[in-house]
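Have a look at model.txt; it's compact mmCIF, C-alpha atoms:
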# COMPACT_ATOMS: atom_id res chain seq x y z
CA MET A 6 10.96 5.67 115.48
CA SER A 7 8.43 8.12 114.11
CA ALA A 8 6.54 10.44 116.40
CA VAL A 9 3.11 9.36 117.61
CA ASN A 10 0.38 10.73 115.38
CA ALA A 11 -2.06 12.34 117.78
CA SER A 12 -4.74 12.45 115.12
CA LEU A 13 -4.65 8.71 114.41
CA LYS A 14 -8.06 7.14 114.89
CA LEU A 15 -8.24 3.45 115.78
CA PRO A 16 -11.21 1.26 114.80
CA LEU A 17 -12.18 0.38 118.38
CA ARG A 18 -15.46 -1.44 118.85
CA ALA A 19 -18.14 1.11 119.68
CA ASP A 20 -19.17 -0.71 122.87
CA LEU A 21 -15.60 -0.42 124.23
CA ALA A 22 -15.35 3.35 123.81
CA GLY A 23 -14.50 5.10 127.08
CA MET A 24 -13.90 1.90 129.01
CA GLU A 25 -10.93 1.37 131.34
CA PRO A 26 -8.96 -1.89 131.79
CA TYR A 27 -9.80 -4.11 134.75
CA GLY A 28 -7.40 -3.94 137.66
CA ALA A 29 -7.02 -3.31 141.38
CA PRO A 30 -4.51 -0.70 142.64
CA GLN A 31 -0.93 -1.97 142.77
CA LEU A 32 0.79 0.19 145.38
CA ASP A 33 4.02 -0.24 147.32
CA VAL A 34 2.79 -0.28 150.91
CA ALA A 35 3.64 -2.31 154.00
CA VAL A 36 0.43 -4.36 154.08
CA THR A 37 -1.14 -5.31 150.74
CA ILE A 38 -4.34 -7.27 151.36
CA ASN A 39 -6.57 -6.12 148.50
CA VAL A 40 -6.47 -8.85 145.83
CA ASN A 41 -7.07 -12.10 147.75
CA GLU A 42 -3.62 -13.55 147.21
CA ASN A 43 -2.10 -16.20 149.44
CA PRO A 44 0.17 -14.02 151.63
CA TYR A 45 2.77 -16.71 152.32
CA PRO A 46 5.78 -17.29 150.05
CA VAL A 47 5.85 -20.53 148.11
CA PRO A 48 7.52 -23.13 150.42
CA GLN A 49 11.08 -24.00 149.45
CA PRO A 50 10.34 -27.68 148.68
CA VAL A 51 7.71 -26.51 146.18
CA VAL A 52 10.14 -24.01 144.67
CA GLU A 53 12.69 -26.79 144.25
CA ALA A 54 10.14 -29.14 142.68
CA ILE A 55 9.03 -26.46 140.20
CA THR A 56 12.62 -25.53 139.37
CA GLN A 57 13.49 -29.15 138.65
CA ALA A 58 10.35 -29.71 136.56
CA VAL A 59 10.96 -26.61 134.45
CA ARG A 60 14.61 -27.55 133.99
CA GLU A 61 13.52 -30.92 132.63
CA VAL A 62 11.22 -29.44 129.99
CA ALA A 63 13.43 -26.48 129.06
CA GLY A 64 15.46 -28.47 126.54
CA GLY A 65 12.31 -29.32 124.61
CA LEU A 66 10.84 -25.83 124.36
CA ASN A 67 11.55 -25.85 120.63
CA ARG A 68 8.50 -28.12 120.37
CA TYR A 69 4.90 -27.16 120.99
CA PRO A 70 3.39 -28.33 124.29
CA ASP A 71 0.84 -31.12 124.57
CA ARG A 72 -2.47 -29.59 123.42
CA ASP A 73 -4.65 -31.75 125.66
CA PHE A 74 -2.29 -31.99 128.72
CA PRO A 75 -3.50 -35.45 129.95
CA ALA A 76 -0.89 -35.66 132.73
CA LEU A 77 -2.01 -32.36 134.20
CA ARG A 78 -5.69 -33.28 133.89
CA GLY A 79 -5.00 -36.52 135.72
CA ALA A 80 -3.12 -34.75 138.51
CA LEU A 81 -5.91 -32.20 138.93
CA ALA A 82 -8.47 -35.01 139.09
CA ASP A 83 -6.42 -36.75 141.79
CA TYR A 84 -6.17 -33.52 143.74
CA LEU A 85 -9.93 -32.91 143.63
CA ALA A 86 -10.55 -36.46 144.84
CA GLY A 87 -8.41 -35.80 147.89
CA GLU A 88 -9.67 -32.28 148.56
CA SER A 89 -13.41 -32.81 148.03
CA GLY A 90 -13.83 -36.58 148.18
CA VAL A 91 -15.25 -36.58 144.65
CA LYS A 92 -13.53 -38.77 142.06
CA VAL A 93 -13.62 -37.01 138.70
CA PRO A 94 -12.23 -38.79 135.60
CA PRO A 95 -9.33 -36.89 133.99
CA GLU A 96 -11.31 -36.36 130.79
CA TRP A 97 -13.82 -34.35 132.85
CA ILE A 98 -11.10 -31.76 133.62
CA TRP A 99 -10.24 -28.72 131.53
CA ALA A 100 -7.56 -26.11 132.30
CA ALA A 101 -6.37 -22.75 131.02
CA ASN A 102 -4.32 -19.70 131.97
CA GLY A 103 -6.13 -18.81 135.16
CA SER A 104 -9.81 -19.22 135.90
CA ASN A 105 -10.27 -16.02 133.89
CA GLU A 106 -9.42 -17.88 130.68
CA VAL A 107 -11.52 -20.86 131.77
CA MET A 108 -14.50 -18.51 132.11
CA HIS A 109 -13.67 -16.83 128.83
CA HIS A 110 -13.71 -20.23 127.11
CA LEU A 111 -17.16 -20.91 128.60
CA PHE A 112 -18.57 -17.54 127.49
CA THR A 113 -17.02 -17.92 124.04
CA ALA A 114 -18.36 -21.44 123.50
CA PHE A 115 -21.83 -21.05 124.97
CA GLY A 116 -22.49 -17.31 124.96
CA GLY A 117 -22.62 -14.76 122.16
CA PRO A 118 -25.51 -13.05 120.37
CA GLY A 119 -28.82 -14.71 121.17
CA HIS A 120 -27.24 -16.73 123.99
CA PRO A 121 -27.66 -14.55 127.10
CA ALA A 122 -26.01 -15.17 130.46
CA LEU A 123 -27.35 -14.63 133.96
CA SER A 124 -25.69 -13.99 137.33
CA SER A 125 -26.53 -12.61 140.76
CA SER A 126 -24.90 -9.43 142.10
CA PRO A 127 -22.94 -8.33 143.97
CA THR A 128 -20.48 -10.82 142.55
CA TYR A 129 -17.16 -11.08 140.72
CA SER A 130 -16.62 -7.93 138.68
CA MET A 131 -15.05 -9.78 135.74
CA TYR A 132 -18.27 -11.56 134.74
CA PRO A 133 -19.56 -8.48 132.86
CA GLU A 134 -16.22 -8.25 131.07
CA TYR A 135 -16.34 -11.87 129.92
CA ALA A 136 -19.81 -11.15 128.61
CA ARG A 137 -18.80 -7.90 126.92
CA ASN A 138 -15.75 -9.44 125.24
CA THR A 139 -17.81 -12.30 123.79
CA LEU A 140 -20.80 -10.16 122.78
CA THR A 141 -22.95 -11.95 125.35
CA GLU A 142 -25.83 -10.08 126.95
CA LEU A 143 -25.54 -10.46 130.72
CA PHE A 144 -28.56 -10.15 133.01
CA ASP A 145 -28.62 -9.89 136.78
CA VAL A 146 -30.81 -10.92 139.71
CA PRO A 147 -29.78 -8.94 142.82
CA ARG A 148 -28.93 -10.89 145.94
CA ARG A 149 -30.86 -10.48 149.17
CA GLU A 150 -29.77 -8.17 152.00
CA ASP A 151 -27.71 -10.98 153.55
CA PHE A 152 -26.06 -11.60 150.14
CA SER A 153 -27.79 -14.95 149.66
CA VAL A 154 -29.08 -15.79 146.19
CA ASP A 155 -32.81 -15.22 145.69
CA VAL A 156 -33.38 -18.62 144.08
CA PRO A 157 -37.11 -18.16 143.24
CA ALA A 158 -36.39 -14.82 141.56
CA LEU A 159 -33.38 -16.32 139.79
CA LEU A 160 -35.37 -19.26 138.41
CA ALA A 161 -38.17 -16.95 137.29
CA GLU A 162 -35.61 -14.98 135.31
CA VAL A 163 -34.17 -18.20 133.89
CA LYS A 164 -37.60 -19.14 132.54
CA ARG A 165 -38.06 -15.66 131.07
CA LEU A 166 -34.63 -15.26 129.47
CA ARG A 167 -33.73 -18.84 128.54
CA PRO A 168 -30.03 -18.12 129.20
CA ALA A 169 -27.22 -20.24 127.82
CA LEU A 170 -25.14 -19.62 130.94
CA LEU A 171 -25.94 -19.17 134.62
CA VAL A 172 -22.81 -18.16 136.54
CA LEU A 173 -22.79 -18.20 140.34
CA ALA A 174 -19.71 -17.83 142.52
CA SER A 175 -19.71 -20.02 145.63
CA PRO A 176 -18.06 -18.89 147.81
CA ASN A 177 -18.94 -15.53 146.35
CA ASN A 178 -16.60 -12.65 145.63
CA PRO A 179 -16.67 -10.00 147.09
CA THR A 180 -19.05 -11.09 149.86
CA GLY A 181 -17.44 -14.42 150.90
CA THR A 182 -20.80 -16.21 151.23
CA HIS A 183 -21.45 -19.72 149.90
CA LEU A 184 -24.47 -21.01 148.01
CA PRO A 185 -26.18 -23.84 149.95
CA GLN A 186 -26.08 -27.24 148.27
CA ASP A 187 -29.87 -27.51 148.32
CA ASP A 188 -30.10 -24.28 146.34
CA ILE A 189 -27.63 -25.54 143.74
CA HIS A 190 -29.57 -28.82 143.50
CA GLU A 191 -32.83 -26.94 142.93
CA ILE A 192 -31.24 -24.71 140.29
CA LEU A 193 -29.81 -27.70 138.45
CA ALA A 194 -33.17 -29.52 138.48
CA GLU A 195 -34.88 -26.52 136.90
CA THR A 196 -32.33 -25.73 134.18
CA ARG A 197 -32.12 -28.90 132.11
CA GLU A 198 -34.15 -27.44 129.22
CA THR A 199 -34.16 -23.69 129.89
CA GLY A 200 -31.43 -22.63 127.48
CA PRO A 201 -31.79 -21.33 123.92
CA ASP A 202 -33.90 -23.56 121.64
CA GLY A 203 -34.66 -26.01 124.44
CA ALA A 204 -31.03 -26.78 125.27
CA ALA A 205 -29.85 -26.87 128.85
CA THR A 206 -28.68 -23.78 130.66
CA VAL A 207 -25.04 -24.42 131.52
CA VAL A 208 -24.79 -23.80 135.27
CA VAL A 209 -21.31 -22.64 136.29
CA ILE A 210 -20.45 -22.72 139.99
CA ASP A 211 -17.28 -20.69 140.38
CA GLU A 212 -15.35 -22.20 143.31
CA ALA A 213 -12.21 -20.07 143.03
CA TYR A 214 -12.17 -19.97 146.84
CA GLY A 215 -13.48 -23.49 147.37
CA GLU A 216 -10.59 -24.70 149.50
CA PHE A 217 -11.28 -22.02 152.12
CA ARG A 218 -14.85 -23.09 152.84
CA ARG A 219 -15.63 -23.89 156.46
CA ASP A 220 -16.03 -27.44 157.75
CA GLY A 221 -19.35 -28.92 156.70
CA VAL A 222 -19.73 -26.77 153.57
CA PRO A 223 -19.68 -29.19 150.60
CA SER A 224 -18.34 -28.61 147.11
CA ALA A 225 -20.67 -28.51 144.11
CA LEU A 226 -18.45 -31.27 142.73
CA GLU A 227 -20.68 -33.67 144.66
CA LEU A 228 -23.50 -32.88 142.21
CA LEU A 229 -21.44 -33.31 139.06
CA ALA A 230 -22.13 -36.95 138.22
CA ASP A 231 -25.90 -36.48 137.98
CA ASN A 232 -25.90 -33.14 136.18
CA GLN A 233 -24.34 -32.98 132.74
CA HIS A 234 -25.02 -29.24 132.51
CA LEU A 235 -23.02 -28.42 135.67
CA VAL A 236 -19.55 -26.88 135.51
CA VAL A 237 -17.42 -26.37 138.64
CA SER A 238 -14.54 -23.93 138.21
CA ARG A 239 -11.41 -23.85 140.40
CA THR A 240 -8.00 -22.14 140.44
CA MET A 241 -4.49 -22.71 141.73
CA SER A 242 -4.03 -18.97 142.34
CA LYS A 243 -5.37 -18.85 145.89
CA ALA A 244 -5.02 -22.11 147.80
CA PHE A 245 -1.82 -23.12 146.01
CA ALA A 246 -0.13 -19.70 146.38
CA MET A 247 0.27 -19.76 142.60
CA ALA A 248 -1.30 -16.48 141.48
CA GLY A 249 1.75 -15.85 139.33
CA LEU A 250 1.48 -19.26 137.64
CA ARG A 251 -1.91 -18.54 136.02
CA LEU A 252 -3.55 -21.96 136.14
CA GLY A 253 -7.31 -22.32 136.41
CA TYR A 254 -9.40 -25.37 135.68
CA LEU A 255 -12.88 -26.80 135.69
CA ALA A 256 -14.62 -30.10 136.18
CA ALA A 257 -17.59 -30.94 133.96
CA HIS A 258 -19.08 -33.61 131.75
CA PRO A 259 -16.52 -34.44 129.01
CA GLU A 260 -18.86 -33.05 126.36
CA VAL A 261 -18.24 -29.60 127.88
CA ALA A 262 -14.47 -29.96 127.49
CA THR A 263 -14.97 -31.06 123.88
CA LYS A 264 -16.88 -27.86 123.14
CA LEU A 265 -14.25 -25.72 124.86
CA MET A 266 -11.54 -27.22 122.67
CA ILE A 267 -13.26 -25.58 119.71
CA VAL A 268 -12.66 -22.06 121.04
CA ARG A 269 -9.29 -22.42 122.78
CA LEU A 270 -6.28 -20.78 121.21
CA PRO A 271 -3.71 -23.29 119.86
CA TYR A 272 -1.37 -24.67 122.51
CA HIS A 273 -2.83 -22.33 125.08
CA LEU A 274 -1.06 -23.97 128.06
CA SER A 275 2.71 -23.71 127.74
CA ALA A 276 5.00 -26.61 128.58
CA VAL A 277 6.46 -24.51 131.40
CA THR A 278 3.01 -23.87 132.89
CA GLN A 279 2.12 -27.55 132.70
CA ALA A 280 5.39 -28.62 134.33
CA ALA A 281 5.15 -26.05 137.12
CA ALA A 282 1.53 -26.93 137.86
CA LEU A 283 2.32 -30.64 138.03
CA ALA A 284 5.18 -29.95 140.43
CA ALA A 285 2.96 -27.82 142.68
CA LEU A 286 0.24 -30.47 142.67
CA SER A 287 2.81 -33.05 143.80
CA LYS A 288 3.26 -30.92 146.94
CA ALA A 289 -0.45 -30.23 147.53
CA ASP A 290 -0.36 -31.40 151.16
CA LEU A 291 2.35 -28.88 152.02
CA LEU A 292 0.42 -26.04 150.39
CA GLN A 293 -2.86 -27.04 152.01
CA ALA A 294 -1.25 -26.46 155.41
CA GLN A 295 -1.14 -22.78 154.46
CA VAL A 296 -4.86 -22.90 153.69
CA ALA A 297 -5.64 -24.23 157.17
CA ARG A 298 -3.55 -21.44 158.66
CA MET A 299 -5.38 -18.81 156.61
CA ARG A 300 -8.78 -20.15 157.63
CA VAL A 301 -7.86 -19.65 161.30
CA THR A 302 -6.72 -16.09 160.57
CA ARG A 303 -9.90 -15.44 158.60
CA ASP A 304 -12.09 -16.51 161.50
CA HIS A 305 -10.03 -14.29 163.83
CA MET A 306 -10.59 -11.34 161.48
CA VAL A 307 -14.34 -11.95 161.41
CA ALA A 308 -14.59 -12.15 165.21
CA THR A 309 -12.43 -9.07 165.76
CA LEU A 310 -14.30 -6.95 163.22
CA ARG A 311 -17.62 -7.92 164.78
CA GLY A 312 -16.15 -7.02 168.14
CA MET A 313 -15.60 -3.52 166.75
CA GLY A 314 -19.33 -3.27 166.12
CA LEU A 315 -19.04 -3.79 162.36
CA THR A 316 -21.28 -5.95 160.19
CA VAL A 317 -19.31 -8.81 158.63
CA ALA A 318 -20.67 -11.20 156.01
CA GLU A 319 -20.21 -14.91 156.68
CA SER A 320 -16.98 -15.91 154.94
CA ASP A 321 -15.93 -19.18 153.33
CA THR A 322 -13.05 -17.48 151.52
CA ASN A 323 -9.63 -15.99 152.21
CA PHE A 324 -11.10 -12.51 152.70
CA VAL A 325 -13.73 -10.72 154.77
CA PHE A 326 -16.43 -8.28 153.62
CA PHE A 327 -17.38 -5.72 156.23
CA GLY A 328 -19.20 -2.41 156.78
CA LYS A 329 -21.24 -0.39 156.74
CA PHE A 330 -19.52 2.95 156.43
CA LYS A 331 -21.06 6.29 155.52
CA ASP A 332 -17.91 7.13 153.57
CA ARG A 333 -16.07 3.93 152.75
CA GLN A 334 -13.60 5.75 150.50
CA LYS A 335 -12.41 7.80 153.46
CA ILE A 336 -11.91 4.63 155.52
CA TRP A 337 -10.00 3.11 152.58
CA GLN A 338 -7.78 6.19 152.25
CA ASP A 339 -7.20 6.47 156.01
CA LEU A 340 -6.01 2.86 156.05
CA LEU A 341 -3.79 3.47 153.04
CA ASP A 342 -2.26 6.47 154.83
CA ARG A 343 -1.30 4.01 157.57
CA GLY A 344 0.33 1.62 155.09
CA VAL A 345 -2.59 -0.80 154.68
CA LEU A 346 -4.12 -1.41 151.24
CA ILE A 347 -7.54 -3.12 151.14
CA ARG A 348 -10.26 -3.11 148.46
CA SER A 349 -13.21 -0.79 147.97
CA VAL A 350 -15.56 -3.03 145.99
CA GLY A 351 -19.17 -4.18 145.94
CA PRO A 352 -22.17 -2.30 147.34
CA ASP A 353 -21.60 1.18 148.69
CA GLY A 354 -20.63 1.21 152.35
CA TRP A 355 -18.72 -2.09 152.29
CA LEU A 356 -15.01 -2.88 152.16
CA ARG A 357 -13.07 -6.11 151.59
CA ALA A 358 -9.83 -7.19 153.22
CA SER A 359 -7.87 -10.28 152.25
CA VAL A 360 -6.34 -12.59 154.82
CA GLY A 361 -2.72 -11.58 155.34
CA THR A 362 -0.01 -13.13 157.43
CA GLU A 363 -0.68 -13.03 161.15
CA GLU A 364 1.48 -9.89 161.42
CA GLU A 365 -0.20 -8.18 158.46
CA THR A 366 -3.63 -9.02 159.83
CA GLU A 367 -2.85 -7.47 163.21
CA ARG A 368 -1.49 -4.34 161.53
CA PHE A 369 -4.71 -4.06 159.52
CA LEU A 370 -6.94 -4.56 162.57
CA SER A 371 -4.95 -2.07 164.65
CA ALA A 372 -5.06 0.52 161.87
CA LEU A 373 -8.80 0.04 161.42
CA LYS A 374 -9.38 0.57 165.16
CA GLU A 375 -7.58 3.90 164.86
CA VAL A 376 -9.56 4.88 161.79
CA ILE A 377 -13.05 4.17 163.12
Starting from the file, lay out its structure as structure tokens.
Amino acid sequence: MSAVNASLKLPLRADLAGMEPYGAPQLDVAVTINVNENPYPVPQPVVEAITQAVREVAGGLNRYPDRDFPALRGALADYLAGESGVKVPPEWIWAANGSNEVMHHLFTAFGGPGHPALSSSPTYSMYPEYARNTLTELFDVPRREDFSVDVPALLAEVKRLRPALLVLASPNNPTGTHLPQDDIHEILAETRETGPDGAATVVVIDEAYGEFRRDGVPSALELLADNQHLVVSRTMSKAFAMAGLRLGYLAAHPEVATKLMIVRLPYHLSAVTQAAALAALSKADLLQAQVARMRVTRDHMVATLRGMGLTVAESDTNFVFFGKFKDRQKIWQDLLDRGVLIRSVGPDGWLRASVGTEEETERFLSALKEVI
């Protein structure tokens, strides 16, 4: 191989100059609770089901996978019916390699020059990257002190900007707070003709953590039938302990899926991914038992942190957002020195810790008591 030419200049887009790739620290420590993973290993019956399913498709990997994956869409629809009580036809489902690619499809199809997007910070740090990558101008309406969405301010900005996309995470990352159903209903009622050239504003409710919501907190899926401009995004990364699988999906009016097919890459979901996802969905009840366990641990974390005198945001997720610290980076480093990796993200003074196993959680709480 020839030596690297240090003088070589690459034609990088000007707006990408000086930027760093997205990513949280990946460090080898005893307690890693910084990226909102499911901390429990995949149960053996699920491993066996996935192994068998992949074995069955392996002999046919010389052929391209099914482009439209109807079996997987049907299984996801069945799962949502059981989890949320909302029956969604399979043709209303779309899937991709993680909810990141689902969102990228949405920004690619509906965003772009002249089609701005709107969100409400603090929120998921990838939204600006989806916008940047698709040349979509992204605007922001800051959340209130309690991290709730300022709906009047948001709708005023919708009327001013006429955005193609309005993206709201519920439950929200990194704060853990959910968006009340009445607020979503009001937003949907006011966005039917507020997009570019009198089109609707596509309202995306990102429910990546939807399965972790507390009892009595409904899913935005309940509003889907009456709102053709609503999209509800989900993932198998968290509740299904399938972060390594990379399977995200959405539910929306079938016209949305039709538009997303235009911008997808050919055969974007491999046969192996489809088979593994179907196998995991067949064991959904077993995996949901882990979710119930994590919700109990989450509530214990919230109560314990508040008992330490800390402010903790209400959480409907598998993580907690807490503060306020004069020097959060020092707290983060002091915890890391004790073998506990959490996340420094969101507004200054706040930290986020994912739900770990019961043992990991206690190690985190004990280390934090030492630190503060």
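Compared by their closest atoms to Arg269 in chain A, and using all atoms listed in the file, the residues A:Trp99, A:Pro50, A:Pro176, A:Asp332 rank with A:Trp99 nearest.
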Here CA of Leu346 in chain A and CA of Asn178 in chain A stand apart by 17.7 Å
Check the smallest atom-to-atom distance from each of A:Ala285, A:Leu341, A:Ala262, A:Ala244 to Ala297 in chain A using all atoms listed in the file, then report the winner.
A:Ala244
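Distances to Ala205 in chain A were evaluated for A:Ser125, A:Thr316, A:Asn232, A:Gln186 using all atoms listed in the file, and the minimum falls at A:Asn232.
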With all atoms of range 245-260 of chain A from the file as input, state the centre and edge lengths in Å to one decimal of the axis-aligned box that has 5 Å extra on each side, as lines of an AutoDock Vina configuration file.
center_x = -8.7
center_y = -25.1
center_z = 136.4
size_x = 30.8
size_y = 28.6
size_z = 30.0
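Counting from CA of Ala257 in chain A, the distance to CA of Val236 in chain A is 4.8 Å.
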